[in-house]
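Asks: coords_10.cif is reproduced below (mmCIF, C-alpha atoms).
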data_target
loop_
_atom_site.label_atom_id
_atom_site.label_comp_id
_atom_site.auth_asym_id
_atom_site.auth_seq_id
_atom_site.Cartn_x
_atom_site.Cartn_y
_atom_site.Cartn_z
CA MET A 1 0.00 0.00 0.00
CA GLU A 2 1.46 3.32 -1.05
CA PHE A 3 1.04 6.46 0.98
CA LEU A 4 0.58 9.94 -0.42
CA SER A 5 0.87 12.87 1.94
CA PRO A 6 0.15 16.17 0.19
CA ALA A 7 0.94 19.34 2.10
CA THR A 8 -1.43 21.56 0.12
CA TRP A 9 -4.84 21.28 -1.55
CA GLU A 10 -3.23 21.67 -5.00
CA GLU A 11 -0.91 18.75 -4.25
CA ALA A 12 -3.87 16.72 -3.01
CA LEU A 13 -5.85 17.31 -6.21
CA ALA A 14 -2.82 16.48 -8.36
CA ALA A 15 -2.26 13.29 -6.36
CA LYS A 16 -5.91 12.24 -6.72
CA SER A 17 -5.72 12.87 -10.46
CA ALA A 18 -2.55 10.78 -10.78
CA HIS A 19 -3.87 8.05 -8.45
CA PRO A 20 -7.67 7.93 -8.88
CA ASP A 21 -7.75 4.63 -6.94
CA ALA A 22 -6.17 6.21 -3.87
CA VAL A 23 -8.49 6.23 -0.87
CA PRO A 24 -8.59 9.62 0.87
CA ILE A 25 -8.09 9.38 4.63
CA MET A 26 -8.75 12.14 7.14
CA GLY A 27 -9.96 11.04 10.57
CA GLY A 28 -9.61 7.39 9.57
CA THR A 29 -12.62 6.34 11.59
CA ASP A 30 -14.15 4.44 8.65
CA VAL A 31 -11.15 3.73 6.44
CA MET A 32 -9.04 2.25 9.27
CA VAL A 33 -11.74 -0.25 10.21
CA GLU A 34 -11.66 -1.56 6.64
CA LEU A 35 -7.86 -1.77 6.71
CA ASN A 36 -7.65 -3.40 10.13
CA PHE A 37 -10.10 -6.11 9.10
CA ASP A 38 -8.70 -6.42 5.57
CA GLN A 39 -12.12 -5.74 4.08
CA HIS A 40 -10.52 -3.47 1.54
CA ARG A 41 -6.91 -3.17 0.43
CA PRO A 42 -6.55 0.02 -1.60
CA SER A 43 -3.44 0.45 -3.76
CA ALA A 44 -2.78 3.78 -2.08
CA LEU A 45 -3.92 6.01 0.76
CA LEU A 46 -4.17 9.75 0.28
CA ASP A 47 -3.61 11.40 3.66
CA LEU A 48 -5.46 14.72 3.84
CA THR A 49 -4.65 15.55 7.47
CA ARG A 50 -1.93 18.04 6.48
CA VAL A 51 -4.15 20.08 4.17
CA ALA A 52 -4.93 22.87 6.60
CA GLU A 53 -7.75 24.55 4.67
CA LEU A 54 -9.87 21.38 4.84
CA ALA A 55 -10.30 21.94 8.57
CA GLU A 56 -11.49 25.53 8.16
CA TRP A 57 -15.02 26.88 8.18
CA GLY A 58 -16.62 30.28 7.90
CA PRO A 59 -19.18 32.47 6.14
CA ASP A 60 -19.31 32.25 2.34
CA GLY A 61 -21.71 34.88 1.06
CA SER A 62 -25.09 34.05 2.56
CA ARG A 63 -23.98 30.48 3.27
CA VAL A 64 -21.61 28.79 5.70
CA ARG A 65 -18.77 26.88 4.08
CA LEU A 66 -17.74 23.88 6.15
CA GLY A 67 -14.41 22.36 5.12
CA ALA A 68 -14.65 18.61 4.51
CA GLY A 69 -12.10 17.99 7.26
CA VAL A 70 -13.80 19.85 10.11
CA SER A 71 -14.24 17.43 13.00
CA TYR A 72 -17.58 16.62 14.61
CA THR A 73 -16.24 18.08 17.85
CA THR A 74 -15.75 21.45 16.14
CA ILE A 75 -19.20 21.24 14.56
CA ILE A 76 -20.73 20.67 18.00
CA GLN A 77 -18.76 23.53 19.56
CA ARG A 78 -19.07 26.08 16.76
CA LEU A 79 -21.91 25.36 14.36
CA GLY A 80 -24.90 24.98 16.66
CA LYS A 81 -26.30 28.33 15.53
CA HIS A 82 -25.67 27.97 11.81
CA ALA A 83 -26.57 24.32 11.41
CA PRO A 84 -28.40 23.10 14.51
CA ALA A 85 -29.53 19.79 13.02
CA LEU A 86 -26.04 18.95 11.82
CA ALA A 87 -24.68 19.84 15.26
CA GLN A 88 -27.35 17.66 16.89
CA ALA A 89 -26.41 14.81 14.56
CA ALA A 90 -22.71 15.35 15.34
CA ARG A 91 -23.48 14.94 19.05
CA THR A 92 -24.83 11.45 18.33
CA VAL A 93 -21.73 10.28 16.44
CA ALA A 94 -19.95 7.46 18.26
CA SER A 95 -17.61 8.53 21.11
CA PRO A 96 -15.64 11.69 21.98
CA GLN A 97 -12.50 10.08 20.56
CA ILE A 98 -14.22 9.48 17.22
CA ARG A 99 -15.87 12.91 17.21
CA ASN A 100 -12.38 14.41 17.61
CA ARG A 101 -11.34 12.74 14.36
CA GLY A 102 -14.40 12.00 12.22
CA THR A 103 -15.56 14.51 9.59
CA VAL A 104 -18.55 15.29 7.43
CA GLY A 105 -16.30 14.89 4.38
CA GLY A 106 -15.57 11.33 5.46
CA ASN A 107 -19.24 10.63 6.03
CA LEU A 108 -19.94 11.87 2.48
CA GLY A 109 -17.01 9.95 1.00
CA GLY A 110 -18.08 6.67 2.58
CA ALA A 111 -21.75 7.42 1.89
CA SER A 112 -23.09 4.77 4.24
CA PRO A 113 -26.87 5.14 4.37
CA ALA A 114 -26.46 5.13 8.16
CA GLY A 115 -24.10 8.13 8.22
CA ASP A 116 -25.37 10.68 10.75
CA SER A 117 -24.54 13.76 8.64
CA HIS A 118 -26.72 12.86 5.69
CA PRO A 119 -30.27 13.59 6.94
CA PRO A 120 -29.39 17.15 8.08
CA LEU A 121 -27.59 17.87 4.79
CA LEU A 122 -30.59 16.63 2.80
CA ALA A 123 -33.15 18.48 4.89
CA ALA A 124 -31.22 21.77 4.88
CA ASP A 125 -30.58 21.53 1.11
CA ALA A 126 -26.82 21.67 1.56
CA VAL A 127 -24.47 21.69 -1.41
CA ILE A 128 -21.38 19.51 -1.76
CA GLU A 129 -18.29 21.18 -3.21
CA LEU A 130 -16.23 18.73 -5.29
CA ALA A 131 -12.84 19.58 -6.73
CA SER A 132 -10.33 18.10 -9.15
CA VAL A 133 -7.41 19.41 -11.18
CA HIS A 134 -10.04 20.39 -13.77
CA GLY A 135 -11.92 22.71 -11.42
CA VAL A 136 -14.65 22.93 -8.84
CA ARG A 137 -18.26 21.81 -9.20
CA HIS A 138 -21.21 21.94 -6.84
CA VAL A 139 -23.70 19.12 -6.37
CA ALA A 140 -26.77 19.42 -4.19
CA ALA A 141 -26.82 16.90 -1.35
CA ARG A 142 -30.22 15.93 -2.73
CA GLU A 143 -28.48 14.71 -5.92
CA PHE A 144 -25.30 13.39 -4.34
CA TYR A 145 -26.31 9.93 -3.12
CA LEU A 146 -26.75 7.59 -6.10
CA GLY A 147 -26.76 4.09 -4.64
CA PRO A 148 -25.41 1.99 -1.77
CA ARG A 149 -22.12 3.75 -0.98
CA ARG A 150 -22.15 5.30 -4.46
CA THR A 151 -22.16 9.08 -4.93
CA ALA A 152 -21.88 11.73 -7.63
CA ARG A 153 -18.18 12.17 -6.80
CA ARG A 154 -15.94 11.19 -9.71
CA ASP A 155 -12.79 9.11 -9.19
CA ASP A 156 -10.45 12.05 -9.73
CA GLU A 157 -12.39 14.34 -7.38
CA LEU A 158 -12.02 15.11 -3.70
CA ILE A 159 -14.73 16.47 -1.43
CA ALA A 160 -13.65 20.00 -0.56
CA ALA A 161 -16.47 21.37 1.54
CA VAL A 162 -20.16 21.47 2.35
CA LEU A 163 -22.09 24.69 1.77
CA LEU A 164 -24.89 25.21 4.27
CA PRO A 165 -27.63 27.66 3.31
CA GLU A 166 -28.32 30.43 5.77
CA ARG A 167 -30.74 29.05 8.31
CA ALA A 168 -34.14 30.71 8.50
CA GLY A 169 -36.07 28.49 10.88
CA PRO A 170 -35.94 25.53 13.22
CA GLN A 171 -34.23 22.23 12.47
CA HIS A 172 -34.38 18.99 14.42
CA PHE A 173 -32.55 15.69 14.13
CA CYS A 174 -33.55 12.42 15.79
CA LYS A 175 -31.77 9.10 15.85
CA ILE A 176 -32.67 5.69 17.21
CA GLY A 177 -29.96 3.20 18.03
CA THR A 178 -29.78 -0.03 19.96
CA ARG A 179 -28.67 1.96 23.02
CA ASN A 180 -28.19 5.63 23.84
CA ALA A 181 -24.55 6.23 22.95
CA MET A 182 -21.85 4.87 20.68
CA VAL A 183 -24.24 3.41 18.14
CA ILE A 184 -24.84 3.26 14.43
CA ALA A 185 -28.34 4.49 13.63
CA VAL A 186 -31.14 1.97 13.32
CA ALA A 187 -33.01 4.86 11.75
CA SER A 188 -32.63 8.61 11.82
CA PHE A 189 -34.64 11.60 10.67
CA CYS A 190 -34.26 15.33 10.19
CA VAL A 191 -36.80 18.06 9.49
CA THR A 192 -36.26 21.75 8.69
CA LEU A 193 -38.76 24.60 8.48
CA ASP A 194 -37.44 27.45 6.34
CA ALA A 195 -39.35 30.68 6.91
CA ALA A 196 -37.50 32.52 4.13
CA THR A 197 -38.59 30.16 1.35
CA ARG A 198 -41.61 28.83 3.24
CA THR A 199 -40.59 25.25 2.52
CA ALA A 200 -40.04 22.19 4.66
CA GLY A 201 -37.08 19.84 4.23
CA THR A 202 -36.57 16.24 5.34
CA GLY A 203 -33.84 13.63 5.49
CA ILE A 204 -34.04 9.93 6.36
CA GLY A 205 -31.04 7.87 7.43
CA SER A 206 -30.41 4.15 7.73
CA ALA A 207 -33.73 3.19 6.14
CA GLY A 208 -32.92 2.62 2.47
CA PRO A 209 -30.04 1.93 0.08
CA THR A 210 -29.07 5.62 0.32
CA PRO A 211 -29.99 8.51 2.59
CA LEU A 212 -33.44 9.60 1.43
CA ARG A 213 -35.83 12.52 1.37
CA ALA A 214 -39.53 12.20 2.12
CA VAL A 215 -40.65 14.39 -0.75
CA ALA A 216 -44.40 13.84 -0.31
CA ALA A 217 -44.05 14.67 3.40
CA GLU A 218 -42.15 17.87 2.55
CA GLU A 219 -44.81 18.93 0.04
CA PHE A 220 -47.60 18.18 2.49
CA LEU A 221 -45.96 20.17 5.27
CA THR A 222 -45.01 23.07 2.99
CA ALA A 223 -48.66 23.37 1.97
CA GLU A 224 -50.20 22.64 5.37
CA PHE A 225 -48.06 24.72 7.73
CA ASP A 226 -49.23 28.21 8.69
CA TRP A 227 -45.99 30.03 7.74
CA GLN A 228 -47.47 33.49 8.25
CA GLY A 229 -49.46 33.14 11.43
CA ALA A 230 -47.46 30.24 12.92
CA GLY A 231 -50.66 28.56 14.05
CA PRO A 232 -50.35 25.11 15.58
CA LEU A 233 -50.58 22.02 13.37
CA SER A 234 -53.47 19.67 14.02
CA GLU A 235 -52.71 16.29 15.51
CA ALA A 236 -54.07 14.69 12.36
CA ALA A 237 -51.65 16.70 10.21
CA VAL A 238 -48.69 15.74 12.41
CA ARG A 239 -49.73 12.08 12.25
CA HIS A 240 -50.15 12.22 8.47
CA PHE A 241 -46.68 13.77 8.15
CA GLY A 242 -45.29 10.80 10.13
CA GLU A 243 -47.06 8.35 7.85
CA LEU A 244 -45.72 10.07 4.74
CA VAL A 245 -42.17 9.96 6.13
CA ALA A 246 -42.48 6.25 6.95
CA SER A 247 -43.84 5.49 3.49
CA ALA A 248 -40.86 7.25 1.85
CA ALA A 249 -38.42 4.86 3.53
CA ARG A 250 -37.18 1.73 1.81
CA PRO A 251 -35.66 -0.17 4.72
CA ILE A 252 -34.46 -3.76 4.95
CA ASP A 253 -34.30 -6.25 7.83
CA ASP A 254 -30.74 -6.44 9.17
CA VAL A 255 -28.76 -6.99 12.36
CA ARG A 256 -29.69 -3.58 13.74
CA GLY A 257 -33.44 -3.75 13.19
CA SER A 258 -36.32 -4.95 11.06
CA ALA A 259 -37.80 -3.01 8.17
CA ASP A 260 -41.14 -2.76 9.99
CA TYR A 261 -39.50 -1.40 13.13
CA ARG A 262 -37.57 1.18 11.11
CA LYS A 263 -40.77 2.43 9.45
CA HIS A 264 -42.52 2.65 12.79
CA ALA A 265 -39.56 4.43 14.37
CA LEU A 266 -39.44 6.91 11.50
CA SER A 267 -43.10 7.81 11.89
CA VAL A 268 -42.56 8.42 15.62
CA MET A 269 -39.36 10.43 15.09
CA ALA A 270 -41.01 12.46 12.33
CA ARG A 271 -43.92 13.40 14.62
CA ARG A 272 -41.55 14.36 17.44
CA ALA A 273 -39.13 16.34 15.27
CA LEU A 274 -42.00 18.18 13.62
CA SER A 275 -43.66 19.00 16.94
CA TRP A 276 -40.38 20.37 18.37
CA SER A 277 -39.84 22.38 15.18
CA VAL A 278 -43.34 23.88 15.20
CA THR A 279 -42.90 24.83 18.87
CA ASP A 280 -39.57 26.53 18.04
CA TYR A 281 -41.10 28.27 15.05
CA ARG A 282 -43.95 29.60 17.15
CA LYS A 283 -41.50 30.86 19.80
CA GLY A 284 -39.48 32.59 17.09
CA GLU A 285 -42.61 34.25 15.72
CA ALA A 286 -43.62 35.41 19.19
CA GLN A 287 -40.19 36.99 19.72
CA CYS A 288 -40.49 38.88 16.42
CA ALA A 289 -43.98 40.17 17.18
CA MET B 1 8.48 19.25 -7.19
CA ALA B 2 6.13 21.64 -5.50
CA ASP B 3 2.90 20.26 -6.93
CA ARG B 4 3.68 16.61 -6.23
CA ALA B 5 2.71 14.93 -3.02
CA ARG B 6 5.41 12.77 -1.50
CA LEU B 7 4.86 9.09 -2.31
CA ARG B 8 6.03 6.53 0.23
CA GLY B 9 5.71 2.76 0.53
CA PRO B 10 4.45 0.17 -0.08
CA GLU B 11 7.64 -1.24 1.48
CA PRO B 12 8.40 -0.28 5.10
CA VAL B 13 9.32 3.36 5.49
CA THR B 14 11.19 5.28 8.16
CA VAL B 15 8.85 7.23 10.39
CA GLU B 16 9.86 9.58 13.19
CA LEU B 17 7.39 9.98 16.02
CA SER B 18 7.44 11.98 19.23
CA ILE B 19 5.98 9.82 21.96
CA ASN B 20 5.81 11.02 25.54
CA HIS B 21 8.28 13.78 24.59
CA ARG B 22 10.80 11.26 23.28
CA THR B 23 11.75 10.93 19.61
CA ARG B 24 11.36 7.40 18.30
CA ILE B 25 12.39 6.14 14.85
CA LEU B 26 10.47 3.21 13.36
CA GLU B 27 10.47 1.16 10.17
CA ILE B 28 6.81 0.48 9.40
CA GLU B 29 4.50 -0.14 6.48
CA PRO B 30 2.42 2.96 5.74
CA ARG B 31 -0.75 1.07 6.63
CA THR B 32 0.38 0.43 10.24
CA SER B 33 -1.97 1.78 12.87
CA LEU B 34 -0.58 3.88 15.69
CA LEU B 35 -1.72 1.15 18.08
CA ASP B 36 0.30 -1.55 16.29
CA ALA B 37 3.29 0.77 16.09
CA LEU B 38 3.13 1.44 19.84
CA ARG B 39 2.59 -2.15 20.88
CA GLU B 40 4.53 -4.18 18.32
CA GLN B 41 7.42 -1.86 17.50
CA LEU B 42 7.98 0.21 20.60
CA ASP B 43 6.86 -2.18 23.36
CA LEU B 44 4.51 0.46 24.71
CA THR B 45 1.87 -2.10 25.55
CA GLY B 46 -0.11 0.04 27.98
CA SER B 47 -2.47 0.97 25.13
CA LYS B 48 -4.60 -2.13 24.64
CA LYS B 49 -6.07 -3.71 21.53
CA GLY B 50 -9.68 -4.59 22.30
CA CYS B 51 -11.85 -4.36 19.22
CA ASP B 52 -9.50 -2.77 16.63
CA GLN B 53 -12.53 -1.01 15.15
CA GLY B 54 -13.00 2.08 17.27
CA THR B 55 -15.70 0.75 19.56
CA CYS B 56 -14.12 -0.14 22.90
CA GLY B 57 -11.77 2.78 23.66
CA ALA B 58 -9.06 0.61 25.25
CA CYS B 59 -6.48 2.10 22.86
CA THR B 60 -7.24 5.75 23.68
CA VAL B 61 -4.16 7.96 23.46
CA TRP B 62 -3.69 11.69 22.92
CA VAL B 63 -2.46 13.24 19.71
CA ASP B 64 -1.57 16.91 20.19
CA GLY B 65 -3.51 16.79 23.45
CA ARG B 66 -6.76 15.46 22.02
CA ARG B 67 -8.05 11.99 22.84
CA VAL B 68 -8.15 9.69 19.82
CA LEU B 69 -8.29 5.98 19.16
CA ALA B 70 -4.87 4.62 18.28
CA CYS B 71 -6.42 1.73 16.33
CA LEU B 72 -8.11 4.17 13.93
CA THR B 73 -5.07 6.40 13.50
CA LEU B 74 -2.28 5.72 11.02
CA ALA B 75 1.11 5.99 12.73
CA ILE B 76 2.61 7.70 9.68
CA THR B 77 0.09 10.54 9.92
CA CYS B 78 1.37 11.37 13.43
CA GLU B 79 4.77 12.61 12.26
CA GLY B 80 5.34 16.06 13.68
CA ARG B 81 2.66 15.62 16.32
CA GLU B 82 3.00 14.86 20.02
CA ILE B 83 1.66 11.51 21.13
CA THR B 84 0.89 10.82 24.78
CA THR B 85 0.27 7.29 26.01
CA ILE B 86 -0.53 5.92 29.45
CA GLU B 87 3.21 5.29 29.91
CA GLY B 88 3.80 9.04 29.62
CA PHE B 89 1.38 9.72 32.38
CA SER B 90 3.43 9.27 35.48
CA ASP B 91 7.05 9.99 36.27
CA GLY B 92 7.75 6.31 36.94
CA ARG B 93 7.57 6.66 40.72
CA ARG B 94 4.30 8.37 41.43
CA MET B 95 1.04 7.84 39.58
CA ASN B 96 -1.06 10.79 38.60
CA ALA B 97 -4.22 11.81 40.44
CA MET B 98 -6.57 9.98 38.04
CA GLN B 99 -4.65 6.73 38.37
CA ARG B 100 -4.61 7.05 42.18
CA SER B 101 -8.31 7.82 42.12
CA PHE B 102 -9.05 4.71 40.05
CA ILE B 103 -7.25 2.63 42.69
CA LYS B 104 -8.91 4.41 45.62
CA HIS B 105 -12.39 3.82 44.20
CA ASP B 106 -11.66 0.32 42.90
CA ALA B 107 -12.71 1.44 39.42
CA PHE B 108 -11.83 -1.81 37.71
CA GLN B 109 -13.58 -4.79 36.28
CA CYS B 110 -10.93 -6.94 34.62
CA GLY B 111 -8.68 -3.92 34.19
CA TYR B 112 -7.89 -4.53 30.52
CA CYS B 113 -9.35 -1.26 29.28
CA THR B 114 -8.33 0.79 32.32
CA PRO B 115 -5.46 2.58 30.51
CA GLY B 116 -7.91 3.78 27.87
CA GLN B 117 -10.40 4.80 30.55
CA VAL B 118 -7.72 6.80 32.38
CA MET B 119 -6.58 8.54 29.19
CA SER B 120 -10.17 9.37 28.33
CA ALA B 121 -11.09 10.47 31.86
CA VAL B 122 -8.26 12.98 32.11
CA ALA B 123 -9.17 14.39 28.69
CA LEU B 124 -12.79 14.65 29.82
CA LEU B 125 -11.70 16.81 32.74
CA ASP B 126 -9.42 18.91 30.54
CA GLU B 127 -12.27 19.48 28.06
CA GLY B 128 -14.41 20.82 30.87
CA HIS B 129 -17.20 18.27 30.48
CA ALA B 130 -17.18 16.93 34.02
CA SER B 131 -19.04 19.42 36.18
CA SER B 132 -21.76 16.93 37.21
CA ASP B 133 -22.58 13.23 37.02
CA ALA B 134 -25.18 14.00 34.36
CA GLU B 135 -22.66 15.86 32.22
CA ILE B 136 -20.16 13.02 32.55
CA ALA B 137 -22.83 10.52 31.54
CA GLU B 138 -23.66 12.68 28.55
#
Here is the file; what I need is its structure written in the form of C-alpha cells.
Replies:
Amino acid sequence: MEFLSPATWEEALAAKSAHPDAVPIMGGTDVMVELNFDQHRPSALLDLTRVAELAEWGPDGSRVRLGAGVSYTTIIQRLGKHAPALAQAARTVASPQIRNRGTVGGNLGGASPAGDSHPPLLAADAVIELASVHGVRHVAAREFYLGPRRTARRDDELIAAVLLPERAGPQHFCKIGTRNAMVIAVASFCVTLDAATRTAGTGIGSAGPTPLRAVAAEEFLTAEFDWQGAGPLSEAAVRHFGELVASAARPIDDVRGSADYRKHALSVMARRALSWSVTDYRKGEAQCA
Amino acid sequence: MADRARLRGPEPVTVELSINHRTRILEIEPRTSLLDALREQLDLTGSKKGCDQGTCGACTVWVDGRRVLACLTLAITCEGREITTIEGFSDGRRMNAMQRSFIKHDAFQCGYCTPGQVMSAVALLDEGHASSDAEIAE
C-alpha cells in the first residue's frame, strides 16, 4: 500500500488525479476499520490531514462553508447556531475520541446510508463542493447519493467542503440506536422549516439503500403549515406527516433492526421532530412580534 | 516538485514519532496503525487492543492533546505531532491523580481497558465536560 501525503490542496488534487484509486483518509474512523479487518486493500492512501484549509469553516456569502475535514467536535462547539440539526447529529456520532477525528467529508465519502450527517444535509438543502485538477463543481446533497455507498463524486475528485444555506427556521434531528450512545443508527430523521422560502425539508437515514428525502411529506408540510401566522398544526396533520415519512423509507431487515421497526420508528421520530420544530417556530414568531 | 505529493511505501518506510516527549524512529508499512506501532514496534503495551474497530476505547491515546483511538489512526500521519500514552502519564515513581483515584475507588472490572479509561477520563476533565454526574454521563 502506497502512501501519499500532500501538504497543500493543490498537491492533493494532483495526487488524486494521478492516483484515482487512492483512498482519501482524514480522521480514519471508517477507512481504518476496513484496513484493520482487511475488508478493503486500496493500492494507495491519500492522507489529507496536512491540508490545513480542509479543517477551516466560515461564512461564504449568505452560506456557511464547512471544510470537509472539520471534526464533529468542532461542529458541536461552533456550528450549533448555523446548522443546529447537523450539530445535533454530530453529538450522536460514536464517542468523543471518534468525534475528535471524524468529519462530514468522510461521512460523504463513505456514503453509508447510516451516516449521521446525511439527513441534516438533505433536509437543509446543503451543497457539496467537489474539486479536481479540472476545477470545482457543486452538487446538491439531494443529488449526491446515487446508490449503496455510491455518490456523484468522480474518481479524480475530492470532497472540498459542504455549503450550508443560511438558516431561516428551526431544524431537528432524531436518531434511534440499539442503546443511547456509541451506536450506528437503526433509523434517523431530520426536518427543517425554512421561513424565508416557506418550505419544509426532510432527510431519512439508515432506512434505504441511500440517505433519502420524504418528498411527499415535505410537500404536504409546505402546503399545510401556517408560515405566516405560525398557528399550531393539528394532531391529524402531524400524524399524516409521520405516515408520509415512513412510506418514503425503503428499509431492509438487518442486524440492527427490522424493516417494519424502522418504518414505525421513523413515523414516531417524524412526529416528534416536527412537533419540536413547530414549537420553536412559534416561539421565534412570538419573539419577532 | 512543489505540486507533487510525496509518495512513500508500499515497502516499510522510516517514520519519526514523538511519543511522551521522546523521539522514536520506526520502520513500518504505511498502513500500520498507531496502536500496532506502539505495541509491536515500541513495546509500549499500555495501550490495549480490544476491538481494533473504534468501539471499545481501550487504545485511547492523545495526539496533540486530544483523545483519539490509536487503532483508527495511522502511525505515519502522526509525524510532527506529540503523542501521549498511558506510559507518559506518570514519572515512573508516582502515579497521577486519576490513576490514584481509580485505585482508591476500585474502578476496575478486569482492568484490561483501564489505561484507555484513564486517558479518556483525564481528557474529559481537561475538556471541561465533568461538572456533574449528568454531564459526565452525557
Asks: Would you list which chain A residues are within 8 Å of chain B using all atoms listed in the file, as a list in words?
Replies: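 Result: Met1, Glu2, Phe3, Leu4, Ser5, Pro6, Ala7, Glu10, Glu11, Ala12, Ala14, Ala15, Gly27, Gly28, Thr29, Met32, Val33, Leu35, Asn36, Asp47, Thr49, Pro96, Gln97, Ile98, Asn100, Arg101 and Met182 of chain A.
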Asks: Emit the selected residues as a PDB file, in the frame of the given file, including C-alpha atoms.
Replies:
ATOM      1  CA  MET A   1       0.000   0.000   0.000  1.00  0.00           C
ATOM      2  CA  GLU A   2       1.460   3.320  -1.050  1.00  0.00           C
ATOM      3  CA  PHE A   3       1.040   6.460   0.980  1.00  0.00           C
ATOM      4  CA  LEU A   4       0.580   9.940  -0.420  1.00  0.00           C
ATOM      5  CA  SER A   5       0.870  12.870   1.940  1.00  0.00           C
ATOM      6  CA  PRO A   6       0.150  16.170   0.190  1.00  0.00           C
ATOM      7  CA  ALA A   7       0.940  19.340   2.100  1.00  0.00           C
ATOM      8  CA  GLU A  10      -3.230  21.670  -5.000  1.00  0.00           C
ATOM      9  CA  GLU A  11      -0.910  18.750  -4.250  1.00  0.00           C
ATOM     10  CA  ALA A  12      -3.870  16.720  -3.010  1.00  0.00           C
ATOM     11  CA  ALA A  14      -2.820  16.480  -8.360  1.00  0.00           C
ATOM     12  CA  ALA A  15      -2.260  13.290  -6.360  1.00  0.00           C
ATOM     13  CA  GLY A  27      -9.960  11.040  10.570  1.00  0.00           C
ATOM     14  CA  GLY A  28      -9.610   7.390   9.570  1.00  0.00           C
ATOM     15  CA  THR A  29     -12.620   6.340  11.590  1.00  0.00           C
ATOM     16  CA  MET A  32      -9.040   2.250   9.270  1.00  0.00           C
ATOM     17  CA  VAL A  33     -11.740  -0.250  10.210  1.00  0.00           C
ATOM     18  CA  LEU A  35      -7.860  -1.770   6.710  1.00  0.00           C
ATOM     19  CA  ASN A  36      -7.650  -3.400  10.130  1.00  0.00           C
ATOM     20  CA  ASP A  47      -3.610  11.400   3.660  1.00  0.00           C
ATOM     21  CA  THR A  49      -4.650  15.550   7.470  1.00  0.00           C
ATOM     22  CA  PRO A  96     -15.640  11.690  21.980  1.00  0.00           C
ATOM     23  CA  GLN A  97     -12.500  10.080  20.560  1.00  0.00           C
ATOM     24  CA  ILE A  98     -14.220   9.480  17.220  1.00  0.00           C
ATOM     25  CA  ASN A 100     -12.380  14.410  17.610  1.00  0.00           C
ATOM     26  CA  ARG A 101     -11.340  12.740  14.360  1.00  0.00           C
ATOM     27  CA  MET A 182     -21.850   4.870  20.680  1.00  0.00           C
TER      28      MET A 182
END
Asks: Of the residues A:Glu53, A:Asp30, A:Asp260, A:Glu129, which is the one nearest to Ala161 in chain A, using only C-alpha atoms?
Replies: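 For Ala161 in chain A, the nearest of the given residues is A:Glu129.
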Asks: Counting only C-alpha atoms, which residues sit no farther than 10 Å from the position (3.4, 17.7, 17.8) in the file's frame? I'd like them as a list in words.
Replies: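 Nearby residues: Leu17, Ser18, Ile19, His21, Val63, Asp64, Gly65, Cys78, Glu79, Gly80, Arg81, Glu82 and Ile83 of chain B.
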Asks: Restricting the calculation to all atoms listed in the file, which member of A:Leu164, A:Ile184, A:Cys190, A:Ala111 is positioned closest to Ala94 in chain A?
Replies: A:Ile184
Asks: Between B:Ile25, B:Cys113, B:Ala58, B:Val118, which one has atoms that come closest to Asn96 in chain B, using all atoms listed in the file?
Replies: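 Result for the nearest residue to Asn96 in chain B: B:Val118.
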Asks: Taking the file as shown, what set of residues would the PyMOL selection byres ((chain A and resi 102-110) around 9) give back, as a PyMOL selection string?
Replies: chain A and resi 24-31+66-73+90+93+97-101+111-112+115-118+128+144-145+149-151+153+158-162
